[in-house]
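So this block is protein_10.pdb, PDB, C-alpha atoms:
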MODEL        1
ATOM      1  CA  MET A  28     127.610  27.862  46.795
ATOM      2  CA  LYS A  29     128.058  26.907  50.470
ATOM      3  CA  LYS A  30     131.505  28.515  50.413
ATOM      4  CA  ILE A  31     130.057  31.747  49.013
ATOM      5  CA  VAL A  32     127.301  31.796  51.642
ATOM      6  CA  THR A  33     129.851  31.119  54.384
ATOM      7  CA  TYR A  34     132.148  33.839  53.048
ATOM      8  CA  LEU A  35     129.283  36.348  52.879
ATOM      9  CA  SER A  36     128.187  35.408  56.391
ATOM     10  CA  ILE A  37     131.703  36.046  57.702
ATOM     11  CA  LEU A  38     131.848  39.398  55.934
ATOM     12  CA  LEU A  39     128.446  40.355  57.374
ATOM     13  CA  LEU A  40     129.565  39.337  60.874
ATOM     14  CA  LEU A  41     132.790  41.331  60.570
ATOM     15  CA  PHE A  42     130.877  44.366  59.302
ATOM     16  CA  SER A  43     128.349  44.048  62.132
ATOM     17  CA  CYS A  44     131.112  43.810  64.747
ATOM     18  CA  ALA A  45     132.943  46.786  63.248
ATOM     19  CA  THR A  46     129.749  48.842  63.192
ATOM     20  CA  GLU A  47     128.923  47.933  66.785
ATOM     21  CA  SER A  48     132.475  48.753  67.861
ATOM     22  CA  LYS A  49     132.331  52.113  66.077
ATOM     23  CA  GLN A  50     128.972  52.945  67.681
ATOM     24  CA  THR A  51     130.325  52.023  71.121
ATOM     25  CA  GLU A  52     133.398  54.174  70.519
ATOM     26  CA  GLU A  53     131.265  57.127  69.347
ATOM     27  CA  LYS A  54     128.948  56.751  72.338
ATOM     28  CA  GLN A  55     131.910  56.805  74.711
ATOM     29  CA  GLN A  56     133.380  59.782  72.879
ATOM     30  CA  GLU A  57     130.111  61.673  73.333
ATOM     31  CA  LYS A  58     130.521  61.218  77.071
ATOM     32  CA  THR A  59     133.962  62.797  77.009
ATOM     33  CA  LEU A  60     133.463  65.515  74.400
ATOM     34  CA  GLY A  61     133.692  68.891  76.034
ATOM     35  CA  LEU A  62     135.429  67.411  79.083
ATOM     36  CA  GLY A  63     137.896  70.248  78.868
ATOM     37  CA  GLU A  64     141.054  68.363  79.714
ATOM     38  CA  ALA A  65     144.307  69.916  78.563
ATOM     39  CA  SER A  66     147.863  70.458  79.663
ATOM     40  CA  ASN A  67     148.038  72.575  82.773
ATOM     41  CA  ASP A  68     151.782  73.002  82.344
ATOM     42  CA  GLN A  69     151.979  74.648  78.927
ATOM     43  CA  MET A  70     151.019  78.205  78.157
ATOM     44  CA  PRO A  71     148.661  78.363  75.159
ATOM     45  CA  LYS A  72     150.061  79.793  71.942
ATOM     46  CA  LEU A  73     148.008  82.696  70.584
ATOM     47  CA  CYS A  74     147.369  84.345  67.234
ATOM     48  CA  ALA A  75     147.346  87.756  68.934
ATOM     49  CA  GLY A  76     147.122  89.261  72.398
ATOM     50  CA  LYS A  77     148.615  87.760  75.538
ATOM     51  CA  ILE A  78     147.711  85.598  78.514
ATOM     52  CA  ASP A  79     148.406  86.175  82.187
ATOM     53  CA  ARG A  80     148.343  82.929  84.125
ATOM     54  CA  ILE A  81     147.274  83.230  87.751
ATOM     55  CA  PRO A  82     148.858  80.112  89.227
ATOM     56  CA  ASN A  83     147.025  78.020  91.810
ATOM     57  CA  PHE A  84     144.277  80.554  92.496
ATOM     58  CA  GLU A  85     143.155  79.901  96.063
ATOM     59  CA  SER A  86     139.510  79.408  96.962
ATOM     60  CA  LYS A  87     137.652  78.490 100.118
ATOM     61  CA  TYR A  88     134.803  77.088  98.025
ATOM     62  CA  ILE A  89     136.463  74.845  95.446
ATOM     63  CA  ASP A  90     139.905  73.347  94.945
ATOM     64  CA  ASN A  91     142.684  75.645  93.755
ATOM     65  CA  ARG A  92     143.484  75.895  90.059
ATOM     66  CA  ASN A  93     145.331  77.990  87.497
ATOM     67  CA  VAL A  94     143.276  80.736  85.855
ATOM     68  CA  ASP A  95     144.227  82.290  82.502
ATOM     69  CA  VAL A  96     143.364  85.900  81.663
ATOM     70  CA  TYR A  97     143.370  86.693  77.948
ATOM     71  CA  MET A  98     144.059  90.308  77.006
ATOM     72  CA  PRO A  99     143.563  91.276  73.352
ATOM     73  CA  GLU A 100     146.204  93.029  71.303
ATOM     74  CA  GLY A 101     146.565  96.647  72.331
ATOM     75  CA  TYR A 102     145.365  96.003  75.889
ATOM     76  CA  SER A 103     145.933  99.191  77.845
ATOM     77  CA  LYS A 104     145.304 100.340  81.396
ATOM     78  CA  GLU A 105     144.165 103.592  79.866
ATOM     79  CA  LYS A 106     140.968 101.863  78.711
ATOM     80  CA  LYS A 107     138.244  99.899  80.472
ATOM     81  CA  TYR A 108     137.271  96.398  79.384
ATOM     82  CA  ALA A 109     134.215  94.209  79.660
ATOM     83  CA  VAL A 110     134.891  90.751  81.135
ATOM     84  CA  LEU A 111     133.827  87.400  79.705
ATOM     85  CA  TYR A 112     134.171  84.458  82.094
ATOM     86  CA  MET A 113     134.472  81.163  80.204
ATOM     87  CA  HIS A 114     134.311  77.628  81.572
ATOM     88  CA  ASP A 115     136.494  74.697  80.437
ATOM     89  CA  GLY A 116     139.194  77.322  80.177
ATOM     90  CA  LEU A 117     141.979  75.070  78.922
ATOM     91  CA  MET A 118     140.082  74.303  75.709
ATOM     92  CA  LEU A 119     139.760  77.871  74.447
ATOM     93  CA  PHE A 120     143.003  79.001  72.802
ATOM     94  CA  ASP A 121     145.420  76.324  71.621
ATOM     95  CA  SER A 122     144.569  72.912  70.164
ATOM     96  CA  THR A 123     148.136  71.655  70.585
ATOM     97  CA  VAL A 124     147.662  71.364  74.362
ATOM     98  CA  THR A 125     144.113  69.958  74.472
ATOM     99  CA  TRP A 126     143.144  66.300  74.855
ATOM    100  CA  ASN A 127     141.341  66.106  71.505
ATOM    101  CA  LYS A 128     143.499  68.597  69.576
ATOM    102  CA  GLN A 129     140.563  71.002  69.246
ATOM    103  CA  GLU A 130     139.953  74.537  70.507
ATOM    104  CA  TRP A 131     137.339  77.297  70.532
ATOM    105  CA  GLU A 132     139.655  79.752  68.704
ATOM    106  CA  VAL A 133     138.716  82.451  71.212
ATOM    107  CA  ASP A 134     141.781  84.591  70.509
ATOM    108  CA  GLU A 135     141.184  84.447  66.747
ATOM    109  CA  HIS A 136     137.539  85.467  67.106
ATOM    110  CA  ILE A 137     138.147  88.238  69.640
ATOM    111  CA  THR A 138     140.993  89.644  67.534
ATOM    112  CA  LYS A 139     138.950  89.642  64.329
ATOM    113  CA  LEU A 140     135.801  91.126  65.887
ATOM    114  CA  LEU A 141     137.752  93.880  67.651
ATOM    115  CA  ARG A 142     139.602  94.786  64.449
ATOM    116  CA  GLU A 143     136.243  94.992  62.663
ATOM    117  CA  ASN A 144     134.871  97.131  65.521
ATOM    118  CA  LYS A 145     131.967  94.694  66.020
ATOM    119  CA  ILE A 146     132.350  94.123  69.761
ATOM    120  CA  GLN A 147     133.319  96.198  72.756
ATOM    121  CA  ASP A 148     136.772  95.929  74.314
ATOM    122  CA  VAL A 149     136.863  92.739  76.385
ATOM    123  CA  ILE A 150     139.174  90.442  78.305
ATOM    124  CA  VAL A 151     138.457  86.734  78.724
ATOM    125  CA  VAL A 152     138.892  84.948  82.044
ATOM    126  CA  ALA A 153     139.435  81.272  81.250
ATOM    127  CA  VAL A 154     138.556  79.054  84.198
ATOM    128  CA  PRO A 155     139.557  75.390  83.841
ATOM    129  CA  ASN A 156     137.319  72.676  85.167
ATOM    130  CA  ASN A 157     138.228  70.263  87.929
ATOM    131  CA  GLY A 158     138.435  67.222  85.644
ATOM    132  CA  LYS A 159     136.898  64.459  87.767
ATOM    133  CA  TYR A 160     134.393  66.851  89.340
ATOM    134  CA  ARG A 161     133.556  68.846  86.213
ATOM    135  CA  SER A 162     129.929  67.703  86.263
ATOM    136  CA  SER A 163     129.776  68.337  90.007
ATOM    137  CA  GLU A 164     130.727  71.979  89.417
ATOM    138  CA  TYR A 165     128.574  72.539  86.343
ATOM    139  CA  LEU A 166     125.298  70.700  87.053
ATOM    140  CA  PRO A 167     122.764  73.206  88.514
ATOM    141  CA  GLN A 168     122.141  71.716  91.931
ATOM    142  CA  LYS A 169     119.021  73.712  92.828
ATOM    143  CA  SER A 170     117.292  72.105  89.831
ATOM    144  CA  LEU A 171     117.473  68.764  91.672
ATOM    145  CA  LYS A 172     115.575  69.946  94.751
ATOM    146  CA  LYS A 173     112.330  68.144  93.920
ATOM    147  CA  LEU A 174     113.898  64.794  93.026
ATOM    148  CA  SER A 175     113.047  61.840  95.206
ATOM    149  CA  GLU A 176     115.755  60.728  97.616
ATOM    150  CA  SER A 177     116.489  57.616  95.543
ATOM    151  CA  ASP A 178     116.664  59.566  92.265
ATOM    152  CA  LEU A 179     118.998  62.102  93.829
ATOM    153  CA  GLU A 180     121.208  59.292  95.085
ATOM    154  CA  ASP A 181     121.411  57.924  91.546
ATOM    155  CA  VAL A 182     122.406  61.338  90.169
ATOM    156  CA  LEU A 183     125.053  61.676  92.861
ATOM    157  CA  SER A 184     126.532  58.243  92.229
ATOM    158  CA  LYS A 185     126.194  58.033  88.436
ATOM    159  CA  ARG A 186     126.727  61.640  87.327
ATOM    160  CA  VAL A 187     128.604  63.841  89.792
ATOM    161  CA  GLU A 188     131.042  61.579  91.635
ATOM    162  CA  GLY A 189     129.043  61.923  94.832
ATOM    163  CA  LYS A 190     129.282  65.720  95.059
ATOM    164  CA  LEU A 191     127.191  68.710  94.032
ATOM    165  CA  LEU A 192     129.502  71.718  93.773
ATOM    166  CA  SER A 193     127.832  74.181  91.409
ATOM    167  CA  ASP A 194     126.671  76.568  94.114
ATOM    168  CA  ASP A 195     130.187  76.689  95.540
ATOM    169  CA  TYR A 196     131.645  77.075  92.049
ATOM    170  CA  LEU A 197     129.477  80.151  91.470
ATOM    171  CA  LYS A 198     130.470  81.557  94.849
ATOM    172  CA  PHE A 199     134.086  81.184  93.753
ATOM    173  CA  LEU A 200     133.385  82.997  90.478
ATOM    174  CA  THR A 201     131.423  85.863  91.978
ATOM    175  CA  SER A 202     132.946  86.461  95.412
ATOM    176  CA  GLU A 203     136.585  85.442  94.886
ATOM    177  CA  LEU A 204     137.635  85.461  91.238
ATOM    178  CA  LYS A 205     135.635  88.461  90.017
ATOM    179  CA  PRO A 206     136.905  90.828  92.757
ATOM    180  CA  TYR A 207     140.459  89.740  91.972
ATOM    181  CA  ILE A 208     140.021  90.373  88.250
ATOM    182  CA  ASP A 209     138.423  93.780  88.812
ATOM    183  CA  ASN A 210     141.229  94.772  91.204
ATOM    184  CA  HIS A 211     144.095  93.647  88.978
ATOM    185  CA  TYR A 212     142.855  94.497  85.468
ATOM    186  CA  SER A 213     141.335  97.560  83.859
ATOM    187  CA  THR A 214     137.721  96.418  83.808
ATOM    188  CA  TYR A 215     134.186  97.646  84.049
ATOM    189  CA  SER A 216     132.953  95.801  87.134
ATOM    190  CA  ASP A 217     129.229  96.388  86.624
ATOM    191  CA  ARG A 218     126.633  93.866  85.453
ATOM    192  CA  GLU A 219     126.270  95.485  82.042
ATOM    193  CA  HIS A 220     129.872  94.571  81.198
ATOM    194  CA  THR A 221     130.132  91.140  82.856
ATOM    195  CA  PHE A 222     129.366  87.992  80.875
ATOM    196  CA  VAL A 223     129.616  84.220  81.232
ATOM    197  CA  MET A 224     129.839  81.508  78.580
ATOM    198  CA  GLY A 225     130.358  77.771  78.186
ATOM    199  CA  SER A 226     129.316  74.704  76.216
ATOM    200  CA  SER A 227     127.499  71.494  77.080
ATOM    201  CA  MET A 228     127.570  71.307  80.900
ATOM    202  CA  GLY A 229     129.330  74.658  80.632
ATOM    203  CA  GLY A 230     126.177  75.931  78.939
ATOM    204  CA  LEU A 231     124.143  74.732  81.910
ATOM    205  CA  ILE A 232     126.361  76.455  84.472
ATOM    206  CA  SER A 233     126.288  79.667  82.407
ATOM    207  CA  MET A 234     122.493  79.596  82.484
ATOM    208  CA  TYR A 235     122.604  78.833  86.211
ATOM    209  CA  ALA A 236     125.060  81.689  86.822
ATOM    210  CA  ILE A 237     122.881  84.385  85.257
ATOM    211  CA  CYS A 238     119.810  83.071  87.091
ATOM    212  CA  GLU A 239     121.524  82.794  90.487
ATOM    213  CA  TYR A 240     123.527  86.016  90.182
ATOM    214  CA  PRO A 241     121.535  88.390  87.968
ATOM    215  CA  GLU A 242     123.146  91.324  89.775
ATOM    216  CA  VAL A 243     126.598  90.133  88.616
ATOM    217  CA  PHE A 244     126.131  88.806  85.072
ATOM    218  CA  GLY A 245     124.425  90.829  82.365
ATOM    219  CA  GLY A 246     124.688  88.173  79.667
ATOM    220  CA  ALA A 247     125.130  84.409  79.273
ATOM    221  CA  GLY A 248     126.252  82.371  76.281
ATOM    222  CA  CYS A 249     124.874  78.821  76.567
ATOM    223  CA  VAL A 250     126.376  76.825  73.701
ATOM    224  CA  SER A 251     125.135  73.265  73.030
ATOM    225  CA  THR A 252     123.444  73.361  76.420
ATOM    226  CA  HIS A 253     123.225  69.856  77.873
ATOM    227  CA  TRP A 254     119.568  70.036  78.913
ATOM    228  CA  PRO A 255     119.282  66.280  79.542
ATOM    229  CA  MET A 256     121.659  66.897  82.494
ATOM    230  CA  VAL A 257     122.592  63.203  82.630
ATOM    231  CA  TYR A 258     123.156  60.402  80.110
ATOM    232  CA  ALA A 259     119.811  58.753  79.416
ATOM    233  CA  GLU A 260     121.107  55.180  79.295
ATOM    234  CA  ASP A 261     122.204  55.402  82.928
ATOM    235  CA  PHE A 262     118.717  56.227  84.202
ATOM    236  CA  THR A 263     115.118  55.075  83.797
ATOM    237  CA  ALA A 264     112.682  56.986  81.586
ATOM    238  CA  ALA A 265     110.893  58.292  84.679
ATOM    239  CA  GLN A 266     114.162  59.466  86.197
ATOM    240  CA  ASN A 267     115.210  61.214  83.011
ATOM    241  CA  LYS A 268     111.894  63.040  82.881
ATOM    242  CA  ALA A 269     112.133  64.108  86.525
ATOM    243  CA  ILE A 270     115.691  65.368  86.063
ATOM    244  CA  THR A 271     115.038  67.352  82.884
ATOM    245  CA  ASP A 272     111.715  68.682  84.165
ATOM    246  CA  GLY A 273     113.653  69.890  87.192
ATOM    247  CA  VAL A 274     116.116  71.998  85.227
ATOM    248  CA  ILE A 275     113.466  73.401  82.874
ATOM    249  CA  ASN A 276     111.229  74.299  85.814
ATOM    250  CA  TYR A 277     114.229  75.958  87.437
ATOM    251  CA  VAL A 278     114.651  78.136  84.340
ATOM    252  CA  ALA A 279     110.945  79.013  84.388
ATOM    253  CA  ASN A 280     111.137  80.149  88.009
ATOM    254  CA  ASN A 281     114.490  81.933  87.999
ATOM    255  CA  LEU A 282     115.069  83.787  84.727
ATOM    256  CA  PRO A 283     116.532  87.284  85.161
ATOM    257  CA  ASP A 284     114.867  90.489  83.994
ATOM    258  CA  PRO A 285     114.880  90.649  80.166
ATOM    259  CA  LYS A 286     115.204  94.427  80.374
ATOM    260  CA  THR A 287     118.698  94.121  81.812
ATOM    261  CA  HIS A 288     119.983  90.735  80.635
ATOM    262  CA  LYS A 289     120.858  88.908  77.420
ATOM    263  CA  ILE A 290     120.835  85.130  76.957
ATOM    264  CA  TYR A 291     122.084  83.111  73.987
ATOM    265  CA  PHE A 292     121.311  79.413  73.340
ATOM    266  CA  ASP A 293     122.249  77.139  70.463
ATOM    267  CA  PHE A 294     122.493  73.487  69.435
ATOM    268  CA  GLY A 295     123.586  71.286  66.558
ATOM    269  CA  THR A 296     121.938  68.145  65.224
ATOM    270  CA  LYS A 297     124.710  65.530  65.354
ATOM    271  CA  THR A 298     126.209  63.365  68.139
ATOM    272  CA  LEU A 299     125.199  64.553  71.617
ATOM    273  CA  ASP A 300     123.641  67.747  70.242
ATOM    274  CA  SER A 301     121.008  65.665  68.458
ATOM    275  CA  GLN A 302     119.229  65.237  71.822
ATOM    276  CA  TYR A 303     118.832  68.912  72.632
ATOM    277  CA  GLU A 304     116.131  70.364  70.365
ATOM    278  CA  PRO A 305     113.018  69.127  72.227
ATOM    279  CA  TYR A 306     114.303  70.554  75.504
ATOM    280  CA  GLN A 307     115.426  73.808  73.908
ATOM    281  CA  LYS A 308     111.965  74.283  72.405
ATOM    282  CA  ARG A 309     110.464  74.021  75.880
ATOM    283  CA  VAL A 310     112.942  76.581  77.176
ATOM    284  CA  ASP A 311     112.176  78.876  74.235
ATOM    285  CA  VAL A 312     108.486  78.894  75.196
ATOM    286  CA  ILE A 313     109.504  79.906  78.713
ATOM    287  CA  MET A 314     111.746  82.678  77.382
ATOM    288  CA  LYS A 315     108.835  84.166  75.418
ATOM    289  CA  LYS A 316     106.511  83.963  78.409
ATOM    290  CA  HIS A 317     109.039  85.927  80.456
ATOM    291  CA  GLY A 318     109.196  88.725  77.906
ATOM    292  CA  PHE A 319     112.468  87.882  76.190
ATOM    293  CA  THR A 320     112.590  89.018  72.555
ATOM    294  CA  SER A 321     115.140  89.133  69.749
ATOM    295  CA  GLU A 322     116.614  92.182  71.472
ATOM    296  CA  ASN A 323     117.808  90.192  74.451
ATOM    297  CA  TRP A 324     117.533  86.506  73.560
ATOM    298  CA  MET A 325     118.704  84.287  70.732
ATOM    299  CA  THR A 326     118.329  80.548  70.073
ATOM    300  CA  LYS A 327     120.145  79.181  67.025
ATOM    301  CA  LYS A 328     119.984  75.745  65.411
ATOM    302  CA  PHE A 329     122.981  74.539  63.404
ATOM    303  CA  PRO A 330     122.026  71.568  61.203
ATOM    304  CA  GLY A 331     124.824  69.070  60.686
ATOM    305  CA  GLU A 332     126.984  70.383  63.527
ATOM    306  CA  ASN A 333     128.094  68.084  66.328
ATOM    307  CA  HIS A 334     129.170  68.373  69.950
ATOM    308  CA  SER A 335     132.781  69.518  69.681
ATOM    309  CA  GLU A 336     135.122  72.460  69.991
ATOM    310  CA  ILE A 337     135.469  72.476  66.201
ATOM    311  CA  ALA A 338     131.715  73.055  65.875
ATOM    312  CA  TRP A 339     131.698  75.713  68.597
ATOM    313  CA  ALA A 340     134.638  77.529  67.036
ATOM    314  CA  LYS A 341     132.760  77.779  63.730
ATOM    315  CA  ARG A 342     129.982  79.834  65.319
ATOM    316  CA  LEU A 343     131.605  81.554  68.296
ATOM    317  CA  ASN A 344     131.390  84.923  66.550
ATOM    318  CA  ILE A 345     127.579  84.799  66.811
ATOM    319  CA  PRO A 346     127.246  84.724  70.627
ATOM    320  CA  LEU A 347     130.201  87.090  70.967
ATOM    321  CA  GLU A 348     128.553  89.685  68.742
ATOM    322  CA  PHE A 349     125.150  89.143  70.354
ATOM    323  CA  LEU A 350     126.434  89.607  73.900
ATOM    324  CA  LEU A 351     129.274  92.058  73.344
ATOM    325  CA  GLY A 352     128.167  93.885  70.232
ATOM    326  CA  LYS A 353     128.398  97.660  70.095
TER     327      LYS A 353
ENDMDL
END
Please lay out the structure from this file as structure tokens.
Amino acid sequence: MKKIVTYLSILLLLFSCATESKQTEEKQQEKTLGLGEASNDQMPKLCAGKIDRIPNFESKYIDNRNVDVYMPEGYSKEKKYAVLYMHDGLMLFDSTVTWNKQEWEVDEHITKLLRENKIQDVIVVAVPNNGKYRSSEYLPQKSLKKLSESDLEDVLSKRVEGKLLSDDYLKFLTSELKPYIDNHYSTYSDREHTFVMGSSMGGLISMYAICEYPEVFGGAGCVSTHWPMVYAEDFTAAQNKAITDGVINYVANNLPDPKTHKIYFDFGTKTLDSQYEPYQKRVDVIMKKHGFTSENWMTKKFPGENHSEIAWAKRLNIPLEFLLGK
């Protein structure tokens, strides 16, 4: 009997260790999901259309990087195209070059929706993140204005590698990259035809972009928006509240005019996405107060979906049709 008890105890210990190890691994994976790392050397393979790579695009605001411009099949200078700027640009087209072997399937979705005549003609400007300073570029820095000095120091040291770069990142998008795109491609340059989209922290910077530059962007797709801003375990409960209150208050005070702008939000219920619903509900209340309706705003919940490019690819057609629909 003692042998059986000992054997069962060993099995229980092994199971407990394995479970703890798996939970630790999943927790760490949540912190890297959506990081957007991929090969900068390989051109993505596409199902249709083509990509122009602008090598080492120079900026006085952020560090230089390659920028990919996706043109759908049949692209012609005889037509004008809307422009969709997308963050984490190396994760959009080809899973064979991404760190986690996942992709958004942007070319597949754009091709299908254009063939079905469901969206307007559009090109996609894929802007890769910085890697180490991804959070620095994507975390809305004006939302941190009311943090105490010590709380801000913690955010700087624990979340953004000591730098806040989102204001400079948006200056790069609006005053450097956009003029280049409009000068070199057959685009509509007005607000009505200019959109921005991203996931997780990319969802935050998309929201920030349309609030900071409402004269530039007419629509924003905020997919799995990382409203917590930081990872809760790295901060106290009071700090987490101050940080998330800051970004939600920023939204309340800076939303663009619903008569001229469209905003899309969504979230899943698994992995990192499982944290988002309470914050999104608060944002939804703000959207209603500001006069946003189903005509110009959408929030979607996707039960069972997690925080990954696979999940985002499954539903990408929804924000594309909402923002770009004819």
Atomic distance atom CA of Asn344 of chain A - atom CA of Leu119 of chain A, expressed in Å with one decimal: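 Distance between the two atoms: 13.5 Å.
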Please write as a CSV table (one decimal) with C-alpha atoms, in the coordinates of the input the full residue list that the PyMOL selection byres ((chain A and resi 112) around 6) yields on this file.
chain,number,residue,atom,x,y,z
A,111,LEU,CA,133.8,87.4,79.7
A,113,MET,CA,134.5,81.2,80.2
A,151,VAL,CA,138.5,86.7,78.7
A,152,VAL,CA,138.9,84.9,82.0
A,223,VAL,CA,129.6,84.2,81.2
Selected residue of minimal separation from Asn157 of chain A among A:Ser175, A:Ser122, A:Asn91, A:Ser184, counting only C-alpha atoms: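 Smallest distance to Asn157 of chain A is found for A:Asn91.
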The PyMOL selection byres ((chain A and resi 257-270) around 7) applied to the shown file, residues as number ranges by chain: A: 171, 174, 178, 186, 255-256, 271-274
Residue among A:Ser233, A:Ser251, A:Thr287, A:Ser193 lying closest to Lys327 of chain A, counting all atoms listed in the file: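 Nearest candidate to Lys327 of chain A out of A:Ser233, A:Ser251, A:Thr287, A:Ser193: A:Ser251.
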Separation of atom CA of Trp131 of chain A from atom CA of Lys72 of chain A in Å: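 Value for the atom CA of Lys72 of chain A-atom CA of Trp131 of chain A distance: 13.0 Å.
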Result set of the PyMOL selection byres ((chain A and resi 313-323) around 7) on the coordinates above, as a PyMOL selection string: chain A and resi 279+285+288-290+309-312+324-325
Residue nearest Tyr160 of chain A - candidates A:Asp90, A:Glu203, A:Asp148, A:Asp217, atoms counted: all atoms listed in the file: A:Asp90
Closest of A:Val243, A:Leu200, A:Leu179, A:Ile89 to Arg161 of chain A - atom-to-atom distances counting all atoms listed in the file: A:Ile89
Build an axis-aligned box that encloses every atom of segment 291-295 of chain A listed in the file, pad it by 6 Å on each side, and report its centre and edge lengths in Å to one decimal, as AutoDock Vina command-line options.
--center_x 122.4 --center_y 77.2 --center_z 70.3 --size_x 14.3 --size_y 23.8 --size_z 19.4
9 Å contact set for His334 of chain A, all atoms listed in the file, chain neighbours under 5 positions out, as a ChimeraX atom specification: /A:57,60-61,226-227,251,294-301,339
Selection near Arg80 of chain A, 10 Å with only C-alpha atoms, sequence-local residues under 4 positions removed, as a PyMOL selection string: chain A and resi 70+84+93-97+152-153
For Leu73 of chain A: contacts at 10 Å, all atoms listed in the file, fewer than 3 positions along chain excluded, given as a ChimeraX atom specification: /A:70,76-78,97,120-121,132-135
Between atom CA of Leu350 of chain A and atom CA of Pro283 of chain A, distance in Å (one decimal):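 Rounded to one decimal, the two atoms are 15.2 Å apart.
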